[in-house]
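Shown next, in structure tokens, is the structure this report addresses.
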Amino acid sequence: MASLDISITSLARPSVLTQPVYEPGKPIEDVARELGLDPATIIKLASNENPLGATPLGIAAAKAAAERMELYPDGGAVRLRARLAKHLGLAPEQVAVGNGSNEILELLGHVFLGPGDEAVMGERAFAVYKLVTLLFGAKVVEVPLVNHTHDLAAMRAAITPRTKLVFLPNPNNPTGTSNSAAEIVAFAESLPPHVVFVYDEAYAEYVENPADLRPLIAAGRKIICTRTFSKIYGLAGLRLGYGYASKELITLLNRVRQPFNINAIALAAGEAALDDTAWVTKSRAVNAAGLKQLAAGLARLGLEHIPSTGNFITVRVGEGAKVFAELQKRGVIIRPMASYAMPEWVRITVGDEAQNARCLRELAAVLGKK
Ligand SMILES: Cc1ncc(COP(=O)(O)O)c(C=O)c1O
């Protein structure tokens, strides 16, 4: 039985053993169990979800779809892609849907990245770019942010003949900062033809003057824009995102995805969500008011924050891990930022008015301020 002496771990590809693991925000139920709190009293402002909940049209469609869950979903996501294409003014063949926009990012790794390739990204950009790049054995090229904002000139300078992908989230998570539309268009136009530009618009619906890269896509630029139903539409639990690009690029993504990567409930909810423009308008307004409320409250507490264009705000609190732990004990879950090498900072998702007020109150108490 000598073969039993071989550990399962030793059989893994070596890169799996060094692959970093994404740290998600803690679920409410886990925190309640660990700290002996009533889940109903806990507020989660940790994962940039919509504090108002999910789009009502999406919920109704999801419930109806759940009645037919014995059937496989539409593997081509034909109706949702057609609806998204209409929403975007593009052809359905220019749209791919993913299990969260996270899956689209991973499919890009499948298609474009391997050992010897490089991917350029901001040093404190959304963590998944790095994880995907490492997963496919490619090299992570990180470019420091300036004023917590992506330095597009430095990112352009970091491109080499080996660069395959360049990631830019706008706004960035966790800093909440944006580059201007004009800067982004100029950056996209400056990229050499061997590079694919991944423009991550997870928070697009919150942004005032978003860059529109569709004309550049139409002109043949190698660009993919990614978006999600997880944020303003409030469908994070269903895992649904999408990417739009040239037909050629979308065809490549379709080659590497699972046959039924989107479940039937998510397909139905996504389609209905796009009709819920009232929900988007309301959510955007609540977020704008909440950002102001938090910024003013943080200023009153004498805390520095990074001005945000998203649905979250990043704040310098001193010992981020400690403040996170203390707030959690008081039933407010936020996100420590040590994994982004910002140990003095925490990220707070914008809640509704009452949640923001409670978060500020508890923060003041934890920091010993009035
Ligand atoms: C910048 C950014 N991109 C992508 C995602 C992934 O979102 P999802 O996979 O839920 O669509 C997130 C989630 O927080 C994000 O902040």
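The chains in the structure tokens are called A, B, ... from first to last as shown; in each chain the residues are counted from 1, and the ligands are counted from 1 in the order shown.
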
Those in range 213-362 of chain A with strand (DSSP E) from DSSP, as a list of chain:residue names: A:Ile223, A:Ile224, A:Cys225, A:Thr226, A:Arg227, A:Thr228, A:Gly241, A:Tyr242, A:Gly243, A:Tyr244, A:His305, A:Ile306, A:Phe312, A:Ile313, A:Thr314, A:Val315, A:Arg316, A:Val332, A:Ile333, A:Arg335, A:Pro336, A:Trp345, A:Val346, A:Arg347, A:Ile348, A:Thr349

Ligand 1 neighbours within 9 Å using only C-alpha atoms and all ligand atoms, as an MDAnalysis selection string: chainID A and resid 47:49 98:105 125:129 168:174 200:203 226:231 235:242

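Distance check against Ala268 in chain A using only C-alpha atoms: of A:Pro27, A:Pro73, A:Gly220, A:Pro51, the minimum falls on A:Pro73.
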
Contacts of Val350 in chain A within 10 Å, only C-alpha atoms, excl. fewer than 3 positions in-chain, as a count of residues only: 25

Contact residues around Gly116 in chain A with only C-alpha atoms at 12 Å, ignoring same-chain residues under 4 positions, as an mmCIF file with N, CA and C atoms, in the first residue's frame:
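Output (out35.cif):
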data_model
loop_
_atom_site.group_PDB
_atom_site.id
_atom_site.type_symbol
_atom_site.label_atom_id
_atom_site.label_comp_id
_atom_site.auth_asym_id
_atom_site.auth_seq_id
_atom_site.Cartn_x
_atom_site.Cartn_y
_atom_site.Cartn_z
ATOM 1 N N PHE A 112 -6.455 33.879 -23.094
ATOM 2 C CA PHE A 112 -5.283 34.676 -23.482
ATOM 3 C C PHE A 112 -4.015 34.410 -22.673
ATOM 4 N N THR A 133 -4.599 35.943 -13.322
ATOM 5 C CA THR A 133 -3.306 35.937 -14.015
ATOM 6 C C THR A 133 -2.424 34.819 -13.464
ATOM 7 N N LEU A 134 -2.369 34.712 -12.135
ATOM 8 C CA LEU A 134 -1.542 33.668 -11.511
ATOM 9 C C LEU A 134 -2.096 32.278 -11.818
ATOM 10 N N PHE A 136 -3.339 31.123 -14.403
ATOM 11 C CA PHE A 136 -2.938 30.615 -15.721
ATOM 12 C C PHE A 136 -1.420 30.677 -15.926
ATOM 13 N N GLY A 137 -0.688 30.901 -14.838
ATOM 14 C CA GLY A 137 0.776 30.837 -14.905
ATOM 15 C C GLY A 137 1.416 32.041 -15.562
ATOM 16 N N ALA A 138 0.652 33.109 -15.748
ATOM 17 C CA ALA A 138 1.215 34.308 -16.369
ATOM 18 C C ALA A 138 1.776 35.237 -15.292
ATOM 19 N N LYS A 139 2.491 36.261 -15.760
ATOM 20 C CA LYS A 139 3.165 37.165 -14.818
ATOM 21 C C LYS A 139 2.296 38.389 -14.527
ATOM 22 N N VAL A 140 2.190 38.703 -13.235
ATOM 23 C CA VAL A 140 1.449 39.889 -12.798
ATOM 24 C C VAL A 140 2.387 41.093 -12.855
ATOM 25 N N THR A 160 4.791 45.461 -22.438
ATOM 26 C CA THR A 160 5.938 44.913 -23.154
ATOM 27 C C THR A 160 5.412 44.035 -24.292
ATOM 28 N N PRO A 161 6.308 43.493 -25.099
ATOM 29 C CA PRO A 161 5.831 42.577 -26.158
ATOM 30 C C PRO A 161 5.128 41.343 -25.588
ATOM 31 N N ARG A 162 5.348 41.050 -24.291
ATOM 32 C CA ARG A 162 4.699 39.871 -23.691
ATOM 33 C C ARG A 162 3.325 40.174 -23.097
ATOM 34 N N THR A 163 2.973 41.433 -23.029
ATOM 35 C CA THR A 163 1.684 41.794 -22.400
ATOM 36 C C THR A 163 0.522 41.287 -23.251
ATOM 37 N N LYS A 164 -0.397 40.588 -22.589
ATOM 38 C CA LYS A 164 -1.601 40.118 -23.291
ATOM 39 C C LYS A 164 -2.834 40.903 -22.856
#

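Rounded to one decimal, CA of Pro14 in chain A and CA of Gly109 in chain A lie 18.2 Å from each other.
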
Selection near Phe260 in chain A, 12 Å with only C-alpha atoms, sequence-local residues under 6 positions removed, as a list in words: Leu71, Tyr72, Pro73, Asp74, Gly75, Gly76, Ala77, Val78, Val97, Gly98, Asn99, Asn254, Ala266 and Leu267 of chain A

Written selection (N, CA and C atoms) as a PDB file, in the first residue's frame:
ATOM      1  N   LEU A  71     -35.566  21.690 -15.705  1.00  0.00           N
ATOM      2  CA  LEU A  71     -35.029  21.802 -17.068  1.00  0.00           C
ATOM      3  C   LEU A  71     -33.654  22.468 -17.056  1.00  0.00           C
ATOM      4  N   TYR A  72     -32.774  22.002 -17.932  1.00  0.00           N
ATOM      5  CA  TYR A  72     -31.500  22.704 -18.101  1.00  0.00           C
ATOM      6  C   TYR A  72     -31.783  24.112 -18.601  1.00  0.00           C
ATOM      7  N   PRO A  73     -30.903  25.041 -18.246  1.00  0.00           N
ATOM      8  CA  PRO A  73     -31.097  26.400 -18.767  1.00  0.00           C
ATOM      9  C   PRO A  73     -30.759  26.469 -20.262  1.00  0.00           C
ATOM     10  N   ASP A  74     -31.108  27.592 -20.876  1.00  0.00           N
ATOM     11  CA  ASP A  74     -30.711  27.839 -22.262  1.00  0.00           C
ATOM     12  C   ASP A  74     -29.187  28.017 -22.294  1.00  0.00           C
ATOM     13  N   GLY A  75     -28.491  27.047 -22.857  1.00  0.00           N
ATOM     14  CA  GLY A  75     -27.024  27.058 -22.847  1.00  0.00           C
ATOM     15  C   GLY A  75     -26.421  28.222 -23.609  1.00  0.00           C
ATOM     16  N   GLY A  76     -27.185  28.775 -24.555  1.00  0.00           N
ATOM     17  CA  GLY A  76     -26.657  29.909 -25.316  1.00  0.00           C
ATOM     18  C   GLY A  76     -27.088  31.248 -24.734  1.00  0.00           C
ATOM     19  N   ALA A  77     -27.875  31.223 -23.672  1.00  0.00           N
ATOM     20  CA  ALA A  77     -28.399  32.456 -23.049  1.00  0.00           C
ATOM     21  C   ALA A  77     -28.961  33.406 -24.104  1.00  0.00           C
ATOM     22  N   VAL A  78     -29.683  32.831 -25.069  1.00  0.00           N
ATOM     23  CA  VAL A  78     -30.066  33.601 -26.258  1.00  0.00           C
ATOM     24  C   VAL A  78     -30.915  34.822 -25.909  1.00  0.00           C
ATOM     25  N   VAL A  97     -22.294  36.136 -21.466  1.00  0.00           N
ATOM     26  CA  VAL A  97     -22.720  36.215 -20.068  1.00  0.00           C
ATOM     27  C   VAL A  97     -21.904  35.246 -19.221  1.00  0.00           C
ATOM     28  N   GLY A  98     -21.715  35.619 -17.967  1.00  0.00           N
ATOM     29  CA  GLY A  98     -20.873  34.814 -17.085  1.00  0.00           C
ATOM     30  C   GLY A  98     -21.494  34.635 -15.716  1.00  0.00           C
ATOM     31  N   ASN A  99     -20.972  33.672 -14.987  1.00  0.00           N
ATOM     32  CA  ASN A  99     -21.404  33.394 -13.615  1.00  0.00           C
ATOM     33  C   ASN A  99     -20.777  34.474 -12.721  1.00  0.00           C
ATOM     34  N   ASN A 254     -16.674  31.998 -25.742  1.00  0.00           N
ATOM     35  CA  ASN A 254     -17.654  30.912 -25.799  1.00  0.00           C
ATOM     36  C   ASN A 254     -17.003  29.538 -25.960  1.00  0.00           C
ATOM     37  N   ALA A 266     -31.071  32.780 -12.849  1.00  0.00           N
ATOM     38  CA  ALA A 266     -30.296  33.998 -13.131  1.00  0.00           C
ATOM     39  C   ALA A 266     -30.629  34.548 -14.521  1.00  0.00           C
ATOM     40  N   LEU A 267     -30.770  33.668 -15.490  1.00  0.00           N
ATOM     41  CA  LEU A 267     -31.112  34.138 -16.845  1.00  0.00           C
ATOM     42  C   LEU A 267     -32.420  34.926 -16.825  1.00  0.00           C
TER      43      LEU A 267
END

Two-atom distance - CA of Val198 in chain A, CA of Arg79 in chain A (Å): 24.8 Å

Closest of A:Glu304, A:Glu208, A:Glu183, A:Glu271 to Ala285 in chain A - atom-to-atom distances counting only C-alpha atoms: A:Glu208

Minimum-distance residue to Leu253 in chain A, chosen among A:His110, A:Arg316, A:Lys44, A:Arg33 (using only C-alpha atoms): A:His110

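For the atom pair formed by CA of Leu88 in chain A and CA of Pro307 in chain A, the distance is 28.6 Å, given to one decimal.
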
Range 132-330 of chain A: residues DSSP assigns to helix (DSSP H, G or I), reported as number ranges by chain: A: 132-135, 152-157, 181-190, 204-206, 214-218, 236-238, 247-256, 264-273, 277-300, 320-329

C-alpha atoms of the current selection, written as an mmCIF file, in the first residue's frame:
data_model
loop_
_atom_site.group_PDB
_atom_site.id
_atom_site.type_symbol
_atom_site.label_atom_id
_atom_site.label_comp_id
_atom_site.auth_asym_id
_atom_site.auth_seq_id
_atom_site.Cartn_x
_atom_site.Cartn_y
_atom_site.Cartn_z
ATOM 1 C CA VAL A 132 -6.739 35.020 -12.671
ATOM 2 C CA THR A 133 -3.306 35.937 -14.015
ATOM 3 C CA LEU A 134 -1.542 33.668 -11.511
ATOM 4 C CA LEU A 135 -4.048 30.863 -12.107
ATOM 5 C CA LEU A 152 -2.595 55.307 -17.001
ATOM 6 C CA ALA A 153 0.695 56.715 -18.339
ATOM 7 C CA ALA A 154 2.659 54.348 -16.099
ATOM 8 C CA MET A 155 0.411 51.453 -17.105
ATOM 9 C CA ARG A 156 1.025 52.239 -20.772
ATOM 10 C CA ALA A 157 4.772 52.315 -20.057
ATOM 11 C CA ALA A 181 -13.732 59.266 -19.735
ATOM 12 C CA ALA A 182 -11.363 61.212 -21.983
ATOM 13 C CA GLU A 183 -8.305 59.702 -20.269
ATOM 14 C CA ILE A 184 -9.689 56.187 -20.635
ATOM 15 C CA VAL A 185 -10.508 56.606 -24.311
ATOM 16 C CA ALA A 186 -7.020 58.021 -24.951
ATOM 17 C CA PHE A 187 -5.485 55.107 -23.031
ATOM 18 C CA ALA A 188 -7.475 52.563 -25.045
ATOM 19 C CA GLU A 189 -6.392 54.248 -28.272
ATOM 20 C CA SER A 190 -2.764 54.197 -27.188
ATOM 21 C CA ALA A 204 -20.939 51.579 -14.273
ATOM 22 C CA GLU A 205 -24.521 52.403 -13.315
ATOM 23 C CA TYR A 206 -23.330 54.574 -10.411
ATOM 24 C CA ARG A 214 -18.325 51.000 -27.949
ATOM 25 C CA PRO A 215 -17.118 53.238 -30.808
ATOM 26 C CA LEU A 216 -13.590 51.909 -30.278
ATOM 27 C CA ILE A 217 -14.861 48.321 -30.244
ATOM 28 C CA ALA A 218 -16.718 49.057 -33.508
ATOM 29 C CA ALA A 236 -25.167 39.237 -6.333
ATOM 30 C CA GLY A 237 -26.487 35.948 -4.945
ATOM 31 C CA LEU A 238 -27.483 34.715 -8.392
ATOM 32 C CA LYS A 247 -17.862 39.186 -32.214
ATOM 33 C CA GLU A 248 -14.436 37.563 -32.626
ATOM 34 C CA LEU A 249 -13.497 38.094 -28.988
ATOM 35 C CA ILE A 250 -16.881 36.836 -27.734
ATOM 36 C CA THR A 251 -16.533 33.716 -29.926
ATOM 37 C CA LEU A 252 -13.243 32.942 -28.182
ATOM 38 C CA LEU A 253 -14.859 33.259 -24.734
ATOM 39 C CA ASN A 254 -17.654 30.912 -25.799
ATOM 40 C CA ARG A 255 -15.114 28.242 -26.706
ATOM 41 C CA VAL A 256 -13.827 27.966 -23.145
ATOM 42 C CA ALA A 264 -32.085 29.368 -15.453
ATOM 43 C CA ILE A 265 -33.090 31.524 -12.495
ATOM 44 C CA ALA A 266 -30.296 33.998 -13.131
ATOM 45 C CA LEU A 267 -31.112 34.138 -16.845
ATOM 46 C CA ALA A 268 -34.740 35.016 -16.119
ATOM 47 C CA ALA A 269 -33.934 37.507 -13.366
ATOM 48 C CA GLY A 270 -31.314 39.258 -15.474
ATOM 49 C CA GLU A 271 -33.682 39.731 -18.366
ATOM 50 C CA ALA A 272 -36.372 41.213 -16.121
ATOM 51 C CA ALA A 273 -33.861 43.344 -14.221
ATOM 52 C CA THR A 277 -35.117 51.237 -14.840
ATOM 53 C CA ALA A 278 -37.025 52.666 -11.859
ATOM 54 C CA TRP A 279 -34.929 50.448 -9.589
ATOM 55 C CA VAL A 280 -31.697 51.680 -11.099
ATOM 56 C CA THR A 281 -32.783 55.316 -10.750
ATOM 57 C CA LYS A 282 -33.835 54.834 -7.125
ATOM 58 C CA SER A 283 -30.716 52.868 -6.193
ATOM 59 C CA ARG A 284 -28.485 55.462 -7.766
ATOM 60 C CA ALA A 285 -30.190 58.268 -5.849
ATOM 61 C CA VAL A 286 -29.994 56.401 -2.527
ATOM 62 C CA ASN A 287 -26.310 55.710 -3.169
ATOM 63 C CA ALA A 288 -25.507 59.334 -4.018
ATOM 64 C CA ALA A 289 -27.246 60.513 -0.843
ATOM 65 C CA GLY A 290 -25.527 57.783 1.180
ATOM 66 C CA LEU A 291 -22.088 58.727 -0.120
ATOM 67 C CA LYS A 292 -22.706 62.318 0.985
ATOM 68 C CA GLN A 293 -24.002 61.173 4.368
ATOM 69 C CA LEU A 294 -20.969 58.954 4.972
ATOM 70 C CA ALA A 295 -18.469 61.528 3.707
ATOM 71 C CA ALA A 296 -19.948 64.189 6.006
ATOM 72 C CA GLY A 297 -20.089 61.803 8.968
ATOM 73 C CA LEU A 298 -16.517 60.646 8.448
ATOM 74 C CA ALA A 299 -15.340 64.253 8.202
ATOM 75 C CA ARG A 300 -17.099 64.975 11.511
ATOM 76 C CA GLY A 320 -8.080 48.553 10.176
ATOM 77 C CA ALA A 321 -8.181 44.944 11.365
ATOM 78 C CA LYS A 322 -9.048 45.997 14.901
ATOM 79 C CA VAL A 323 -11.748 48.441 13.847
ATOM 80 C CA PHE A 324 -13.208 45.758 11.567
ATOM 81 C CA ALA A 325 -13.284 43.237 14.440
ATOM 82 C CA GLU A 326 -14.799 45.717 16.907
ATOM 83 C CA LEU A 327 -17.481 46.846 14.490
ATOM 84 C CA GLN A 328 -18.322 43.237 13.770
ATOM 85 C CA LYS A 329 -18.889 42.614 17.469
#

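Proximity to Trp345 in chain A was assessed for A:Ala119, A:Leu367, A:Ile306, A:Ala245 counting only C-alpha atoms; the smallest distance is recorded for A:Ile306.
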